[in-house]
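K.L.:
My structure is stored as work30.cif, with mmCIF, N, CA and C atoms and all ligand atoms.
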data_coords
loop_
_atom_site.label_atom_id
_atom_site.label_comp_id
_atom_site.auth_asym_id
_atom_site.auth_seq_id
_atom_site.Cartn_x
_atom_site.Cartn_y
_atom_site.Cartn_z
N MET A 592 69.48 38.43 -12.53
CA MET A 592 70.34 39.55 -12.19
C MET A 592 69.55 40.84 -12.14
N ASP A 593 69.85 41.66 -11.19
CA ASP A 593 69.05 42.84 -10.96
C ASP A 593 69.57 44.04 -11.75
N SER A 594 69.68 43.86 -13.04
CA SER A 594 70.08 45.01 -13.83
C SER A 594 69.47 44.92 -15.21
N TRP A 595 69.49 46.03 -15.88
CA TRP A 595 68.88 46.16 -17.19
C TRP A 595 69.99 46.56 -18.13
N SER A 596 70.18 45.81 -19.16
CA SER A 596 71.33 46.08 -20.01
C SER A 596 70.96 46.95 -21.21
N GLY A 597 69.72 47.38 -21.27
CA GLY A 597 69.29 48.16 -22.42
C GLY A 597 69.47 49.64 -22.22
N SER A 598 68.49 50.35 -22.67
CA SER A 598 68.58 51.80 -22.63
C SER A 598 67.51 52.35 -21.69
N CYS A 599 67.63 53.62 -21.41
CA CYS A 599 66.64 54.29 -20.57
C CYS A 599 65.26 54.12 -21.22
N GLN A 600 64.29 53.73 -20.41
CA GLN A 600 62.97 53.46 -20.97
C GLN A 600 62.12 54.71 -21.16
N ALA A 601 62.68 55.84 -20.82
CA ALA A 601 61.96 57.08 -21.08
C ALA A 601 62.56 57.84 -22.25
N CYS A 602 63.88 58.03 -22.24
CA CYS A 602 64.48 58.85 -23.29
C CYS A 602 65.36 58.04 -24.23
N GLY A 603 65.61 56.77 -23.90
CA GLY A 603 66.36 55.92 -24.81
C GLY A 603 67.87 56.06 -24.72
N THR A 604 68.35 56.84 -23.76
CA THR A 604 69.80 56.97 -23.58
C THR A 604 70.44 55.61 -23.34
N GLU A 605 71.52 55.37 -24.00
CA GLU A 605 72.22 54.11 -23.80
C GLU A 605 73.57 54.34 -23.18
N GLY A 606 74.04 53.35 -22.46
CA GLY A 606 75.40 53.37 -21.98
C GLY A 606 75.62 54.09 -20.66
N GLY A 607 74.63 54.84 -20.20
CA GLY A 607 74.80 55.54 -18.93
C GLY A 607 74.34 54.65 -17.79
N PRO A 608 74.55 55.10 -16.57
CA PRO A 608 74.03 54.33 -15.44
C PRO A 608 72.51 54.37 -15.45
N LEU A 609 71.88 53.26 -15.22
CA LEU A 609 70.43 53.22 -15.20
C LEU A 609 69.95 52.81 -13.81
N MET A 610 68.82 53.33 -13.44
CA MET A 610 68.27 52.98 -12.14
C MET A 610 66.92 52.34 -12.30
N LYS A 611 66.73 51.33 -11.51
CA LYS A 611 65.41 50.70 -11.50
C LYS A 611 64.48 51.60 -10.72
N PHE A 612 63.37 51.92 -11.30
CA PHE A 612 62.50 52.85 -10.60
C PHE A 612 61.49 52.13 -9.72
N SER A 613 61.87 51.97 -8.48
CA SER A 613 60.97 51.45 -7.47
C SER A 613 61.26 52.22 -6.22
N LEU A 614 60.36 53.07 -5.85
CA LEU A 614 60.62 53.86 -4.66
C LEU A 614 59.75 53.37 -3.52
N GLY A 615 60.26 53.52 -2.31
CA GLY A 615 59.57 52.96 -1.16
C GLY A 615 58.30 53.68 -0.77
N LYS A 616 58.30 55.01 -0.91
CA LYS A 616 57.17 55.78 -0.39
C LYS A 616 56.70 56.77 -1.45
N ASP A 617 55.41 57.08 -1.42
CA ASP A 617 54.95 58.13 -2.30
C ASP A 617 55.06 59.47 -1.59
N PHE A 618 54.56 60.51 -2.21
CA PHE A 618 54.70 61.85 -1.65
C PHE A 618 54.10 61.98 -0.26
N PHE A 619 53.03 61.24 0.00
CA PHE A 619 52.35 61.35 1.28
C PHE A 619 52.81 60.27 2.26
N GLY A 620 53.94 59.66 1.96
CA GLY A 620 54.51 58.70 2.90
C GLY A 620 53.88 57.33 2.86
N ARG A 621 53.04 57.08 1.88
CA ARG A 621 52.43 55.77 1.76
C ARG A 621 53.32 54.87 0.90
N PRO A 622 53.21 53.58 1.11
CA PRO A 622 54.04 52.68 0.30
C PRO A 622 53.74 52.88 -1.18
N TYR A 623 54.78 52.91 -1.96
CA TYR A 623 54.63 53.14 -3.39
C TYR A 623 54.29 51.83 -4.07
N ASP A 624 53.27 51.86 -4.91
CA ASP A 624 52.70 50.59 -5.37
C ASP A 624 53.62 49.76 -6.27
N ARG A 625 54.62 50.37 -6.86
CA ARG A 625 55.48 49.57 -7.72
C ARG A 625 56.24 48.51 -6.93
N LEU A 626 56.29 48.70 -5.61
CA LEU A 626 57.03 47.75 -4.80
C LEU A 626 56.22 46.51 -4.46
N SER A 627 54.91 46.60 -4.61
CA SER A 627 54.13 45.42 -4.30
C SER A 627 54.31 44.41 -5.44
N PRO A 628 54.41 43.16 -5.08
CA PRO A 628 54.77 42.15 -6.08
C PRO A 628 53.90 42.20 -7.33
N SER A 629 52.60 42.47 -7.14
CA SER A 629 51.71 42.43 -8.29
C SER A 629 51.98 43.55 -9.28
N SER A 630 52.52 44.66 -8.80
CA SER A 630 52.74 45.76 -9.73
C SER A 630 54.21 45.96 -10.07
N ASP A 631 55.05 45.08 -9.58
CA ASP A 631 56.47 45.21 -9.90
C ASP A 631 56.90 44.18 -10.93
N GLN A 632 55.96 43.76 -11.75
CA GLN A 632 56.26 42.78 -12.80
C GLN A 632 57.12 43.41 -13.90
N ASN A 633 56.90 44.67 -14.12
CA ASN A 633 57.61 45.34 -15.20
C ASN A 633 58.37 46.55 -14.67
N PRO A 634 59.40 46.30 -13.89
CA PRO A 634 60.14 47.45 -13.38
C PRO A 634 60.73 48.25 -14.53
N LYS A 635 60.73 49.54 -14.37
CA LYS A 635 61.27 50.42 -15.41
C LYS A 635 62.69 50.82 -15.04
N TRP A 636 63.47 51.02 -16.07
CA TRP A 636 64.85 51.43 -15.87
C TRP A 636 65.05 52.78 -16.52
N TYR A 637 65.55 53.71 -15.72
CA TYR A 637 65.72 55.06 -16.22
C TYR A 637 67.14 55.56 -15.97
N CYS A 638 67.58 56.45 -16.84
CA CYS A 638 68.87 57.11 -16.60
C CYS A 638 68.70 58.11 -15.47
N THR A 639 69.81 58.69 -15.05
CA THR A 639 69.78 59.57 -13.88
C THR A 639 68.79 60.71 -14.05
N LEU A 640 68.84 61.36 -15.18
CA LEU A 640 67.98 62.51 -15.40
C LEU A 640 66.50 62.11 -15.42
N CYS A 641 66.21 61.01 -16.12
CA CYS A 641 64.82 60.58 -16.19
C CYS A 641 64.31 60.10 -14.83
N SER A 642 65.17 59.51 -14.02
CA SER A 642 64.75 59.11 -12.67
C SER A 642 64.32 60.33 -11.88
N MET A 643 65.11 61.39 -12.01
CA MET A 643 64.79 62.62 -11.31
C MET A 643 63.43 63.12 -11.79
N HIS A 644 63.22 63.12 -13.11
CA HIS A 644 61.95 63.59 -13.66
C HIS A 644 60.80 62.67 -13.26
N LYS A 645 61.10 61.39 -13.17
CA LYS A 645 60.06 60.45 -12.77
C LYS A 645 59.61 60.71 -11.35
N ASN A 646 60.56 61.08 -10.50
CA ASN A 646 60.22 61.46 -9.13
C ASN A 646 59.27 62.65 -9.10
N LEU A 647 59.57 63.63 -9.91
CA LEU A 647 58.71 64.81 -9.97
C LEU A 647 57.32 64.41 -10.45
N HIS A 648 57.32 63.56 -11.47
CA HIS A 648 56.05 63.12 -12.04
C HIS A 648 55.22 62.37 -11.01
N ARG A 649 55.89 61.52 -10.24
CA ARG A 649 55.19 60.73 -9.24
C ARG A 649 54.57 61.64 -8.18
N ASP A 650 55.33 62.63 -7.71
CA ASP A 650 54.79 63.55 -6.73
C ASP A 650 53.63 64.35 -7.32
N PHE A 651 53.80 64.79 -8.55
CA PHE A 651 52.75 65.53 -9.23
C PHE A 651 51.48 64.69 -9.31
N ARG A 652 51.64 63.45 -9.69
CA ARG A 652 50.50 62.55 -9.84
C ARG A 652 49.81 62.30 -8.49
N ASP A 653 50.62 62.09 -7.45
CA ASP A 653 50.05 61.86 -6.11
C ASP A 653 49.25 63.07 -5.65
N ILE A 654 49.84 64.24 -5.85
CA ILE A 654 49.18 65.46 -5.41
C ILE A 654 47.88 65.66 -6.20
N GLY A 655 47.95 65.43 -7.51
CA GLY A 655 46.77 65.55 -8.35
C GLY A 655 45.65 64.60 -7.91
N ALA A 656 46.02 63.37 -7.59
CA ALA A 656 45.03 62.37 -7.20
C ALA A 656 44.36 62.76 -5.88
N GLU A 657 45.17 63.27 -4.94
CA GLU A 657 44.59 63.69 -3.66
C GLU A 657 43.73 64.93 -3.84
N PHE A 658 44.13 65.78 -4.76
CA PHE A 658 43.34 66.98 -5.02
C PHE A 658 41.97 66.60 -5.57
N ASP A 659 41.96 65.61 -6.46
CA ASP A 659 40.68 65.14 -7.01
C ASP A 659 39.78 64.59 -5.91
N LYS A 660 40.39 63.86 -4.98
CA LYS A 660 39.60 63.33 -3.86
C LYS A 660 39.02 64.46 -3.02
N LEU A 661 39.82 65.48 -2.83
CA LEU A 661 39.37 66.63 -2.05
C LEU A 661 38.14 67.25 -2.72
N GLY A 662 38.20 67.34 -4.05
CA GLY A 662 37.12 67.95 -4.80
C GLY A 662 35.80 67.22 -4.68
N VAL A 663 35.84 65.90 -4.55
CA VAL A 663 34.60 65.15 -4.48
C VAL A 663 34.25 64.77 -3.05
N GLY A 664 34.98 65.35 -2.10
CA GLY A 664 34.64 65.17 -0.70
C GLY A 664 35.05 63.84 -0.09
N HIS A 665 35.94 63.13 -0.79
CA HIS A 665 36.49 61.92 -0.19
C HIS A 665 37.60 62.31 0.77
N GLY A 666 37.94 61.40 1.66
CA GLY A 666 39.05 61.66 2.55
C GLY A 666 40.31 61.90 1.73
N SER A 667 40.94 63.02 1.95
CA SER A 667 42.11 63.37 1.16
C SER A 667 43.22 63.83 2.08
N GLU A 668 44.44 63.47 1.70
CA GLU A 668 45.60 63.93 2.46
C GLU A 668 45.65 65.46 2.47
N LEU A 669 45.10 66.04 1.41
CA LEU A 669 45.19 67.50 1.28
C LEU A 669 44.18 68.22 2.17
N SER A 670 43.33 67.48 2.86
CA SER A 670 42.44 68.14 3.81
C SER A 670 43.20 68.50 5.08
N LYS A 671 44.43 68.04 5.18
CA LYS A 671 45.28 68.46 6.31
C LYS A 671 46.10 69.66 5.88
N GLY A 672 46.04 70.70 6.70
CA GLY A 672 46.73 71.94 6.36
C GLY A 672 48.21 71.75 6.04
N ASP A 673 48.89 70.94 6.85
CA ASP A 673 50.32 70.74 6.65
C ASP A 673 50.62 70.09 5.31
N GLU A 674 49.84 69.07 4.99
CA GLU A 674 50.06 68.36 3.73
C GLU A 674 49.73 69.26 2.55
N PHE A 675 48.69 70.05 2.72
CA PHE A 675 48.30 70.96 1.66
C PHE A 675 49.42 71.96 1.37
N ARG A 676 49.97 72.52 2.44
CA ARG A 676 51.08 73.48 2.28
C ARG A 676 52.28 72.81 1.64
N ARG A 677 52.59 71.61 2.12
CA ARG A 677 53.73 70.88 1.60
C ARG A 677 53.53 70.58 0.10
N ALA A 678 52.29 70.22 -0.25
CA ALA A 678 52.00 69.91 -1.65
C ALA A 678 52.14 71.15 -2.52
N SER A 679 51.64 72.30 -2.05
CA SER A 679 51.79 73.49 -2.90
C SER A 679 53.24 73.88 -3.05
N LEU A 680 54.01 73.75 -1.98
CA LEU A 680 55.44 74.05 -2.09
C LEU A 680 56.13 73.10 -3.07
N ARG A 681 55.73 71.85 -3.00
CA ARG A 681 56.34 70.87 -3.88
C ARG A 681 56.03 71.18 -5.35
N LEU A 682 54.80 71.61 -5.61
CA LEU A 682 54.45 71.97 -6.98
C LEU A 682 55.29 73.14 -7.48
N GLN A 683 55.49 74.11 -6.59
CA GLN A 683 56.33 75.25 -6.98
C GLN A 683 57.75 74.79 -7.28
N GLU A 684 58.21 73.87 -6.45
CA GLU A 684 59.56 73.33 -6.63
C GLU A 684 59.66 72.57 -7.96
N ILE A 685 58.65 71.76 -8.25
CA ILE A 685 58.63 70.99 -9.50
C ILE A 685 58.66 71.95 -10.68
N MET A 686 57.85 73.00 -10.59
CA MET A 686 57.80 74.00 -11.65
C MET A 686 59.17 74.63 -11.86
N ALA A 687 59.83 74.98 -10.76
CA ALA A 687 61.14 75.61 -10.85
C ALA A 687 62.15 74.66 -11.50
N ILE A 688 62.07 73.40 -11.14
CA ILE A 688 63.01 72.43 -11.72
C ILE A 688 62.73 72.26 -13.22
N LEU A 689 61.44 72.17 -13.56
CA LEU A 689 61.09 72.01 -14.98
C LEU A 689 61.59 73.19 -15.81
N LYS A 690 61.48 74.38 -15.22
CA LYS A 690 61.94 75.58 -15.94
C LYS A 690 63.45 75.62 -16.02
N GLY A 691 64.10 75.00 -15.04
CA GLY A 691 65.55 75.11 -14.96
C GLY A 691 66.29 74.06 -15.77
N THR A 692 65.60 73.03 -16.24
CA THR A 692 66.32 72.01 -17.00
C THR A 692 66.20 72.29 -18.49
N GLN A 693 67.26 71.96 -19.20
CA GLN A 693 67.27 72.24 -20.63
C GLN A 693 66.45 71.22 -21.40
N GLN A 694 66.52 69.99 -20.93
CA GLN A 694 65.79 68.93 -21.62
C GLN A 694 64.38 68.85 -21.04
N PRO A 695 63.36 68.86 -21.88
CA PRO A 695 62.01 68.76 -21.33
C PRO A 695 61.79 67.41 -20.64
N SER A 696 60.99 67.41 -19.61
CA SER A 696 60.71 66.16 -18.93
C SER A 696 59.96 65.20 -19.84
N PRO A 697 60.36 63.93 -19.87
CA PRO A 697 59.62 62.97 -20.69
C PRO A 697 58.26 62.62 -20.09
N PHE A 698 58.02 63.04 -18.86
CA PHE A 698 56.81 62.61 -18.17
C PHE A 698 55.82 63.73 -17.90
N LEU A 699 56.31 64.95 -17.88
CA LEU A 699 55.53 66.01 -17.25
C LEU A 699 55.72 67.30 -18.03
N SER A 700 54.63 68.01 -18.27
CA SER A 700 54.80 69.31 -18.92
C SER A 700 54.55 70.41 -17.90
N GLY A 701 55.25 71.50 -18.06
CA GLY A 701 55.10 72.64 -17.17
C GLY A 701 53.66 73.13 -17.17
N HIS A 702 53.01 72.98 -18.31
CA HIS A 702 51.62 73.39 -18.44
C HIS A 702 50.72 72.63 -17.45
N ASP A 703 50.92 71.33 -17.37
CA ASP A 703 50.12 70.52 -16.44
C ASP A 703 50.34 70.94 -15.00
N VAL A 704 51.60 71.20 -14.68
CA VAL A 704 51.92 71.60 -13.32
C VAL A 704 51.27 72.94 -13.01
N ALA A 705 51.34 73.87 -13.98
CA ALA A 705 50.73 75.19 -13.79
C ALA A 705 49.23 75.05 -13.56
N LEU A 706 48.60 74.17 -14.32
CA LEU A 706 47.16 73.95 -14.16
C LEU A 706 46.81 73.46 -12.76
N LEU A 707 47.59 72.48 -12.30
CA LEU A 707 47.31 71.94 -10.97
C LEU A 707 47.55 73.00 -9.90
N MET A 708 48.58 73.82 -10.08
CA MET A 708 48.84 74.90 -9.12
C MET A 708 47.66 75.87 -9.09
N GLU A 709 47.14 76.16 -10.27
CA GLU A 709 45.97 77.06 -10.34
C GLU A 709 44.78 76.46 -9.61
N ARG A 710 44.57 75.18 -9.85
CA ARG A 710 43.43 74.52 -9.20
C ARG A 710 43.60 74.54 -7.69
N LEU A 711 44.81 74.30 -7.24
CA LEU A 711 45.07 74.33 -5.80
C LEU A 711 44.79 75.72 -5.22
N ASN A 712 45.09 76.72 -6.03
CA ASN A 712 44.90 78.09 -5.56
C ASN A 712 43.43 78.47 -5.43
N THR A 713 42.56 77.71 -6.09
CA THR A 713 41.13 78.04 -5.99
C THR A 713 40.52 77.48 -4.72
N VAL A 714 41.29 76.67 -4.00
CA VAL A 714 40.76 76.05 -2.79
C VAL A 714 41.28 76.82 -1.58
N THR A 715 40.42 76.99 -0.61
CA THR A 715 40.87 77.59 0.62
C THR A 715 41.75 76.58 1.35
N MET A 716 42.90 77.04 1.77
CA MET A 716 43.81 76.13 2.44
C MET A 716 43.20 75.64 3.75
N PRO A 717 43.13 74.34 3.92
CA PRO A 717 42.58 73.81 5.17
C PRO A 717 43.48 74.18 6.34
N VAL A 718 42.87 74.30 7.51
CA VAL A 718 43.69 74.61 8.70
C VAL A 718 43.70 73.47 9.70
ZN ZN A 801 66.53 58.76 -19.74
#
Go through the file and emit its structure as structure tokens.

P.N.:
Amino acid sequence: MDSWSGSCQACGTEGGPLMKFSLGKDFFGRPYDRLSPSSDQNPKWYCTLCSMHKNLHRDFRDIGAEFDKLGVGHGSELSKGDEFRRASLRLQEIMAILKGTQQPSPFLSGHDVALLMERLNTVTMPV
């Protein structure tokens, strides 16, 4: 059966609706690896709020990983001006959401997001 009868695997909330966290695409439109059979052995179940935070975390992680690639001169999605702009906007959005929620994200701290935004700001935006 495709359901989890326990509690949210991030915050431990019980009794609420839980969602299996498997998303089709990552921030850059690539297939999200949890969907591949080898990495979907342990699907996670999250409550509504944690799913939302997990989405933010996933985008943050994707952007961070591409930024690292950019730094070492590997092919990076962020070498495209459009993606770079989209990523910086997304970080601002994530920051705004983190500031706007009362419960801290179980996955992501505002400090980490601020750091990545700073790092992005040190790079000249590709055109
Ligand atoms: Zn939760």

K.L.:
Neighbours of ligand ZN 801 (chain A) within 6 Å, counting only N, CA and C atoms and all ligand atoms, as a PyMOL selection string?

P.N.:
chain A and resi 599-604+637-642

K.L.:
Please indicate the distance in Å from atom N of Lys690 of chain A to atom CA of Ala678 of chain A, rounded to one decimal place.

P.N.:
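If I compute the distance from atom N of Lys690 of chain A to atom CA of Ala678 of chain A, I get 17.1 Å.
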
K.L.:
For each of A:His644, A:Phe618, A:Gly597, A:Arg710, take the minimum atom-to-atom distance to Pro695 of chain A, counting all atoms listed in the file, then give the residue where this is smallest.

P.N.:
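Under the stated criterion, the closest residue is A:His644.
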
K.L.:
Rounded to one decimal in Å, what is the spacing between atom CA of Ile688 of chain A and atom N of Lys616 of chain A?

P.N.:
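Computed distance, atom CA of Ile688 of chain A to atom N of Lys616 of chain A, equals 21.0 Å.
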
K.L.:
Using only C-alpha atoms, can you tell me which of A:Arg677, A:Arg621, A:His702, A:Lys611 comes closest to Leu689 of chain A?

P.N.:
A:His702

K.L.:
Run DSSP on the backbone and give me the residues of segment 595-710 of chain A it puts in alpha helix (DSSP H), as a PyMOL selection string.

P.N.:
chain A and resi 639-662+672-691+701-710

K.L.:
Rounded to one decimal in Å, what is the spacing between atom C of Ala656 of chain A and atom N of Leu682 of chain A?

P.N.:
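Result for atom C of Ala656 of chain A versus atom N of Leu682 of chain A: 13.7 Å, one decimal.
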
K.L.:
How big is the axis-aligned box around all listed atoms of segment 645-659 of chain A once 5 Å goes on each side, and where's its centre, in Å to one decimal, as lines of an AutoDock Vina configuration file?

P.N.:
center_x = 50.4
center_y = 63.7
center_z = -8.4
size_x = 31.3
size_y = 16.5
size_z = 19.5

K.L.:
Do a neighbour search on Asp650 of chain A at 9 Å with only C-alpha atoms, toss out local chain neighbours closer than 2 positions, and write the hits as a list in words.

P.N.:
Asp617, Phe618, Phe619, Lys645, Asn646, Leu647, His648, Arg652, Asp653, Ile654, Gly655, Ala678, Arg681, Leu682 and Ile685 of chain A

K.L.:
Find the residue from A:Gln683, A:Thr715, A:Ser700, A:Thr692 that sits nearest to Gly662 of chain A; use only C-alpha atoms when measuring.

P.N.:
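Under the stated criterion, the closest residue is A:Thr715.
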
K.L.:
With a distance cut-off of 8 Å and only C-alpha atoms, select the neighbouring residues of Leu669 of chain A, excluding the residue or stretch itself and same-chain residues fewer than 5 positions from it, and output the selection as a list in words.

P.N.:
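Using only C-alpha atoms, the neighbours found are Glu657, Phe658, Leu661, Glu674, Phe675, Ala678 and Pro717 of chain A.
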
K.L.:
Please determine, counting only C-alpha atoms, which residue among A:Met708, A:Val714, A:Met643, A:Leu609 has the shortest atom-to-atom distance to Ser670 of chain A.

P.N.:
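Closest to Ser670 of chain A, using only C-alpha atoms: A:Val714.
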
K.L.:
Taking the DSSP assignment computed from this structure's backbone, write out as a PyMOL selection string all residues of chain A that belong to strand (DSSP E).

P.N.:
chain A and resi 609-611+636-638
